[in-house]
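What follows is a short report on a single structure.
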Amino acid sequence: MENNTDHSDQNNFSPLSVQEVDVDFLPIVYEIIRSVERDFHDNSAKARESQDCSQKVLELQKKFDVARSQIKRLPGIDYNKQDQLKQFEILRTQLRLKRELLQKYRNMCSFETSFK
Amino acid sequence: MASHLSTKDRLLSLIDDIELIAKEMIEVSIAPKSQKLSAADHAQLTDLLLAKDAELKKTLELAEEQAKIQQKMNELKAEVDNKDQDIHHLQRQLKDAEQILATSLYQARQKLASIVKSRKRPVSSEDLIKFAHRISASNAVSAPLSWQPGDPRRPYPTDLEMRLGMIGRLSDLPVNGHTPSTLNELHRITTGGVPAPTTNQFTWHPSGELHMSVGGGNSVAIDGRGKDAHTQEDVEVMSTDSSSSSSSDSQ
């Protein structure tokens, strides 16, 4: 995951696949809550846990930011699926029409010798 | 879920939601016990977080599908661009062909028109040859092979023909009395300083009358024919007849 993050920092505009997006927030949230709710008798251990906890909160915050920037690099999600399918259909129609036009040009009657 | 939102916006808003819920849960957990939520509320918040996370995963699957569609669309776009280039190429060729055809059609029409014109008014080759003979008989095209200095037959205009031209007519513009002297001057320039002899005192007027200057510059009409047709005939005869040139030329 860290490698992915470094990679994304290097090129912020290249398209990314969905598998590369890191959205595993729940484990960190769980760890933060668990460490907050844990009771410590030893003060030094409590202070260390508190430091770890704030570290994890920062990590979570960073994870959210990275996930946002990764999502912005995902291809093909500028429209919802219906609109995307419509666009796809439009492109297919365009291609069909262009093919027909080319065919028409190619099969064009070479010369009409009807004039007298 | 608002279906009009783009998948990207949905994903981003889901992340915002998860961030908000997570923060809320962390804040609640570190809050003093008096401000803590009840277990039911906490469970509800946890459920919401889980639901949002599940929705995020589901939307990411949708994003994956859309990425595949996007890939297909890119291929389609490339193909469409390719066809576009083909079409442009073909259109340019057709335009060129049209241009060439239009030009040749225009030329062919011109040719047809001249064919029709020539069919309406046929000219026999005999007439053409006769006319050619008439032109060359006056040595107007080239001097005869046996031409010698002093030979009046030559391919440049005769004095009379010169007088019919623009320069000759210019000299007619002033008062009649001055005309002969002006003409003489003109003649002197054209013949290289040789003064015009006394015989060259005929003045050609646009009216077609031939005048002869007498003494003090008064001109007397010696040919009363004023009709253009006769004049034209006269000129033709004079020009074709090589002996009609002025004596100054023969010197």
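Within each chain, counting starts at residue 1; across the structure tokens, chains are named A, B, ... in the order shown, with ligands numbered 1 upward in that order.
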
Counting only C-alpha atoms, which residues of chain B come no farther than 6 Å from chain A, as a short mmCIF file (atom, residue, chain, number, x, y, z; two decimals) with N, CA, C and O atoms, in the first residue's frame?
data_model
loop_
_atom_site.label_atom_id
_atom_site.label_comp_id
_atom_site.auth_asym_id
_atom_site.auth_seq_id
_atom_site.Cartn_x
_atom_site.Cartn_y
_atom_site.Cartn_z
N SER B 6 -22.04 11.87 -10.90
CA SER B 6 -21.04 11.01 -11.55
C SER B 6 -20.46 10.04 -10.53
O SER B 6 -20.52 10.28 -9.32
N THR B 7 -19.93 8.95 -11.01
CA THR B 7 -19.39 7.93 -10.10
C THR B 7 -18.26 8.52 -9.26
O THR B 7 -18.12 8.17 -8.09
N LYS B 8 -17.49 9.42 -9.88
CA LYS B 8 -16.38 10.04 -9.14
C LYS B 8 -16.93 10.85 -7.95
O LYS B 8 -16.44 10.71 -6.83
N GLU B 64 -14.82 0.10 -11.60
CA GLU B 64 -14.01 -0.84 -12.38
C GLU B 64 -14.70 -1.19 -13.69
O GLU B 64 -14.07 -1.22 -14.76
N GLN B 66 -16.84 0.67 -15.18
CA GLN B 66 -16.81 1.87 -16.03
C GLN B 66 -15.43 2.07 -16.67
O GLN B 66 -15.34 2.57 -17.79
N ALA B 67 -14.38 1.66 -15.94
CA ALA B 67 -13.04 1.76 -16.51
C ALA B 67 -12.92 0.85 -17.73
O ALA B 67 -12.30 1.22 -18.74
N GLN B 70 -14.72 2.46 -20.44
CA GLN B 70 -13.90 3.58 -20.92
C GLN B 70 -12.82 3.09 -21.88
O GLN B 70 -12.55 3.72 -22.91
N VAL B 80 -12.86 5.74 -34.62
CA VAL B 80 -13.63 6.85 -35.22
C VAL B 80 -12.66 7.89 -35.81
O VAL B 80 -12.87 8.37 -36.93
#

DSSP-assigned helix (DSSP H, G or I) among range 53-187 of chain B, expressed as a PyMOL selection string = chain B and resi 53-120+125-137+159-164+166-170+176-187

To one decimal in Å, tell me the separation between CA of Leu76 in chain B and CA of His89 in chain B.
->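 Interatomic distance, CA of Leu76 in chain B to CA of His89 in chain B: 19.8 Å.
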
Between CA of Lys57 in chain B and CA of Glu20 in chain A, what is the distance, to one decimal in Å?
->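 Calculated distance between CA of Lys57 in chain B and CA of Glu20 in chain A is 12.9 Å.
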
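Distance-wise, CA of Met25 in chain B and CA of Glu55 in chain B end up 18.8 Å apart.
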
Between A:Lys56, A:Lys86, A:Gln51, A:Gln70, which has the minimum distance to Ser14 in chain A (counting only C-alpha atoms)?
->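 Among the listed residues, A:Gln70 lies closest to Ser14 in chain A.
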